[in-house]
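S.K.: Next up is a structure, given as structure tokens.
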Amino acid sequence: MSNIKFHLKTFGCQMNVYDSSRIVDLLQLHNMQQVDDELDADVIILNTCYIREKASAKIFSELGRIYKLYLRFKKAQPVFAVIGCVAKAEGENIFKRAPFVSIVLSSQKYHLLPELITQALENIESVNSSEKKSKKVEHKINTDLSGLEKFDCLPKVKKSEKVAFVQIQEGCDNFCTYCVVPNTRGREVSRNEKDILSEIENLQNLGAIEVNLLGQNVDCYNGLDENGKPSNLAGIISKVAKFDNVKRIRYTTSYPSKFSDDMIELHRNEKKLMPLVYLPIQSGSNEILKKMNRKYTREQYLFIVEKLKNANPDIQISSDFIVGFPNETEEDFQQTLDIVKKVQFIQCYAFKYSPRPNTPAQKMDGQIDNKIKSERLKRLQYELRKSQDKFNKSCVGRVMSVLFTDVSKTNPEYIIGKNEYLQPVIVKAYKSLLGSIQNVKITSGSYANLKGEIA
Ligand code: 5AD
Ligand code: SF4
């Protein structure tokens, strides 16, 4: 079969965005074509997220919406594939709730897509042509999480953006009591340095100048080096920094108590390492941190931040927060607000605690009323906004380095890029600067973005 068209929708974190880009490469290698219009596809692929209830409920509503759209306008259904974290967590249940789905694959098994899509298309043809749709859709499922075999089956990247993402590690062994990731992505496992470095060499040859190293828990990176010895995050970053064309390096996500002194030293010495450290704290209360099974205290967290800022005064911190965790009192919450005032985070995500299936926190007594969660979220967001606003205003007058990637949608005379701190910077400048890093003098700053001129 040729000219198969697929439409891919991605939900959730950077890891899913990375997986989706690899899926596109893989399917294109099999002569399949990506289409933007969901009604124009033979195959609909949803790469899904299970982290909060809203994220996973959205997958079922999307499936239903797209299925109905097809029946209405095409009088036939496409092949549906659900991959990623909802696929792992819900498994066969997806076929019960949405029997028109053909393929369910975990994030470790998406390299099986080309073969399964080809089989499913044949089956869908007979389903669509059968009398009164009496024929049932065949179901194929593989939600195994073991190993890193997908990387051996994926093609070499052929095209790269200026900002490239590379997965170095997968899974998580921390078992925070609220979190589904150990169930959806499995145990911690690291790719070998050789594989990562050859992927990055290829990306830099294709034009990438910023590299983001990804993993659920990058501080635990321990892939083997060229001598067969376990490396670490600082080790692999130092090697990435040796690529001449790579000018900027970022990594995500960190875990506070695993953040090593080697990384602090690297932030002191390695100029290519961007000075924004994404260090999710989740709560400022030691009591709640303990109940979350986060293995650090607020004091230890503050100490890491202090060490980082002493090593490099340009460093700023971003973070994640959960409010309304079971048993969180007003005093606990005050401790969170207090941490925000102390650290002055420059970008944060804050979430209401969402009880998730098969996690210890879901079964805890002392679940918090949604009204209180909403009210705390609002108060936290107000405080976070204040520190972000303050930082953005403090940038005015500074010269910052900006990697330009886009033309403004509202005014084509302006181009947009990200500075060292991932803040969007808007500048009136020639499009020929797209894809390059420029020094920009910041002339104004609001909560949402910065404006400036080429320095
Ligand atoms: N409820 C709310 N937020 C959650 N996160 C993870 N699990 C939950 C949950 N059950 C948040 C954490 C994490 C981010 C990716 O999502 O803040 O850092
Ligand atoms: Fe969502 Fe977590 Fe899966 Fe990422 S790893 S897609 S955040 S559930």
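For the structure tokens, the naming scheme is as follows: chains receive sequential letters (A, B, ...) according to their order of presentation, residues are indexed from 1 within each chain, and ligands are indexed from 1 in presentation order.
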Can you tell me which residues come within 6 Å of ligand 2 when counting only C-alpha atoms and all ligand atoms, ideally as a VMD selection string?

M.R.: chain A and resid 12 to 13 15 to 16 48 to 51 85 181

S.K.: Sort by chain and increasing residue number a table of all residues of chain A within 9 Å of ligand 1, each with its closest pair of atoms and their distance in Å to one decimal, counting only C-alpha atoms and all ligand atoms, and write it as a Markdown table.

M.R.:
| residue | atom | partner | partner_atom_place_in_ligand_line | distance |
| --- | --- | --- | --- | --- |
| A:Gly12 | CA | ligand 1 | 15 (C) | 8.6 |
| A:Cys13 | CA | ligand 1 | 15 (C) | 7.3 |
| A:Tyr50 | CA | ligand 1 | 7 (N) | 8.8 |
| A:Ile51 | CA | ligand 1 | 7 (N) | 5.2 |
| A:Arg52 | CA | ligand 1 | 9 (C) | 5.3 |
| A:Glu53 | CA | ligand 1 | 10 (N) | 7.9 |
| A:Cys176 | CA | ligand 1 | 7 (N) | 8.4 |
| A:Thr177 | CA | ligand 1 | 10 (N) | 8.4 |
| A:Tyr178 | CA | ligand 1 | 10 (N) | 4.5 |
| A:Cys179 | CA | ligand 1 | 7 (N) | 4.4 |
| A:Val180 | CA | ligand 1 | 7 (N) | 6.6 |
| A:Val181 | CA | ligand 1 | 7 (N) | 8.0 |
| A:Gln216 | CA | ligand 1 | 15 (C) | 8.9 |
| A:Thr253 | CA | ligand 1 | 18 (O) | 8.4 |
| A:Leu279 | CA | ligand 1 | 18 (O) | 8.9 |
| A:Pro280 | CA | ligand 1 | 18 (O) | 5.7 |
| A:Ile281 | CA | ligand 1 | 18 (O) | 7.9 |
| A:Gln282 | CA | ligand 1 | 17 (O) | 5.6 |
| A:Ser319 | CA | ligand 1 | 18 (O) | 7.8 |
| A:Asp320 | CA | ligand 1 | 17 (O) | 4.5 |
| A:Phe321 | CA | ligand 1 | 17 (O) | 4.9 |
| A:Ile322 | CA | ligand 1 | 17 (O) | 5.3 |
| A:Val323 | CA | ligand 1 | 2 (C) | 7.8 |
| A:Gly324 | CA | ligand 1 | 2 (C) | 8.9 |
| A:Phe325 | CA | ligand 1 | 1 (N) | 8.1 |
| A:Tyr349 | CA | ligand 1 | 17 (O) | 7.1 |
| A:Ala350 | CA | ligand 1 | 17 (O) | 6.7 |
| A:Phe351 | CA | ligand 1 | 3 (N) | 5.1 |
| A:Lys352 | CA | ligand 1 | 2 (C) | 5.3 |
| A:Tyr353 | CA | ligand 1 | 1 (N) | 3.8 |
| A:Ser354 | CA | ligand 1 | 1 (N) | 3.7 |
| A:Pro355 | CA | ligand 1 | 10 (N) | 5.3 |
| A:Arg356 | CA | ligand 1 | 10 (N) | 5.5 |
| A:Thr359 | CA | ligand 1 | 10 (N) | 8.4 |
| A:Ala361 | CA | ligand 1 | 10 (N) | 8.3 |
| A:Gln362 | CA | ligand 1 | 10 (N) | 8.4 |

S.K.: Got a sec: who's within 10 Å of range 450-452 of chain A, counting only C-alpha atoms, leaving out chain neighbours fewer than 3 positions off, as a PyMOL selection string?

M.R.: chain A and resi 392-393+395-400+416+418-419+423-428+439-447+455

S.K.: List the neighbours of range 110-122 of chain A out to 7 Å using only C-alpha atoms; skip same-chain residues closer than 4 positions along the sequence, and give me the result as a VMD selection string.

M.R.: chain A and resid 27 30 79 102 105 to 106 126 150 153 to 154

S.K.: From a backbone DSSP assignment, name each residue in range 219-453 of chain A labelled helix (DSSP H, G or I), as JSON, numbers by chain.

M.R.: {"A": [219, 220, 233, 234, 235, 236, 237, 238, 239, 240, 256, 257, 258, 261, 262, 263, 264, 265, 266, 267, 268, 269, 286, 287, 288, 289, 290, 291, 298, 299, 300, 301, 302, 303, 304, 305, 306, 307, 308, 309, 310, 311, 330, 331, 332, 333, 334, 335, 336, 337, 338, 339, 340, 341, 342, 343, 360, 361, 362, 363, 370, 371, 372, 373, 374, 375, 376, 377, 378, 379, 380, 381, 382, 383, 384, 385, 386, 387, 388, 389, 390, 391, 392, 393, 394, 431, 432, 433]}

S.K.: For Asp244 in chain A, list every protein, DNA or RNA residue within 12 Å, evaluated using only C-alpha atoms, and leave out those in the same chain fewer than 5 positions away; present the list as a ChimeraX atom specification.

M.R.: /A:200-201,204-205,207-210,239,272

S.K.: Which value, in Å to one decimal, gives the distance between CA of Ile368 in chain A and CA of Glu330 in chain A?

M.R.: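 Atom-to-atom, CA of Ile368 in chain A and CA of Glu330 in chain A are spaced 11.2 Å apart.
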
S.K.: Mind the document's chain letters and residue numbers, and return as JSON, numbers by chain the residues of range 332-447 of chain A that DSSP labels strand (DSSP E).

M.R.: {"A": [347, 348, 349, 350, 351, 352, 399, 400, 401, 402, 403, 404, 405, 406, 407, 414, 415, 416, 417, 418, 424, 425, 426, 427, 428, 437, 438, 439, 440, 441, 442, 443, 444, 445]}

S.K.: Residues at most 9 Å from Arg385 in chain A, counting only C-alpha atoms, excluding those fewer than 3 positions away in the same chain, as a PyMOL selection string?

M.R.: chain A and resi 346-348+380-382+388-390+447

S.K.: What does the structure give for the distance between CA of Tyr70 in chain A and CA of His7 in chain A, in Å to one decimal?

M.R.: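 Taking CA of Tyr70 in chain A and CA of His7 in chain A, their separation equals 13.2 Å.
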
S.K.: Under the rule that only C-alpha atoms are counted, which of A:Ile23, A:Val218, A:Ile124, A:Ile168 is the nearest residue to Pro155 in chain A?

M.R.: A:Ile23

S.K.: Nearest residue to Asn449 in chain A out of A:Gly417, A:Leu433, A:Lys291, A:Lys74, using only C-alpha atoms?

M.R.: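 Closest candidate: A:Gly417.
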
S.K.: Quote the spacing between CA of Asn358 in chain A and CA of Phe175 in chain A in Å to one decimal place.

M.R.: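 Taking CA of Asn358 in chain A and CA of Phe175 in chain A, their separation equals 11.6 Å.
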
S.K.: Excluding Asn212 in chain A and any residue of its chain fewer than 3 positions from it, enumerate the residues within 8 Å of it, using only C-alpha atoms, and give them as a list in words.

M.R.: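 After dropping sequence-adjacent residues, the list is Val163, Ala164, Phe165, Val166, Ile249, Arg250, Tyr251 and Thr252 of chain A.
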
S.K.: Out of A:Cys172, A:Ile45, A:Ala55, A:Ile94, which residue has the shortest atom-to-atom distance to Leu145 in chain A when counting only C-alpha atoms?

M.R.: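 Of A:Cys172, A:Ile45, A:Ala55, A:Ile94, the one nearest Leu145 in chain A is A:Cys172, counting only C-alpha atoms.
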
S.K.: For Ala76 in chain A, which of A:Asn293, A:Asp42, A:Ser238, A:Gln14 is the closest residue, counting only C-alpha atoms?

M.R.: A:Asp42
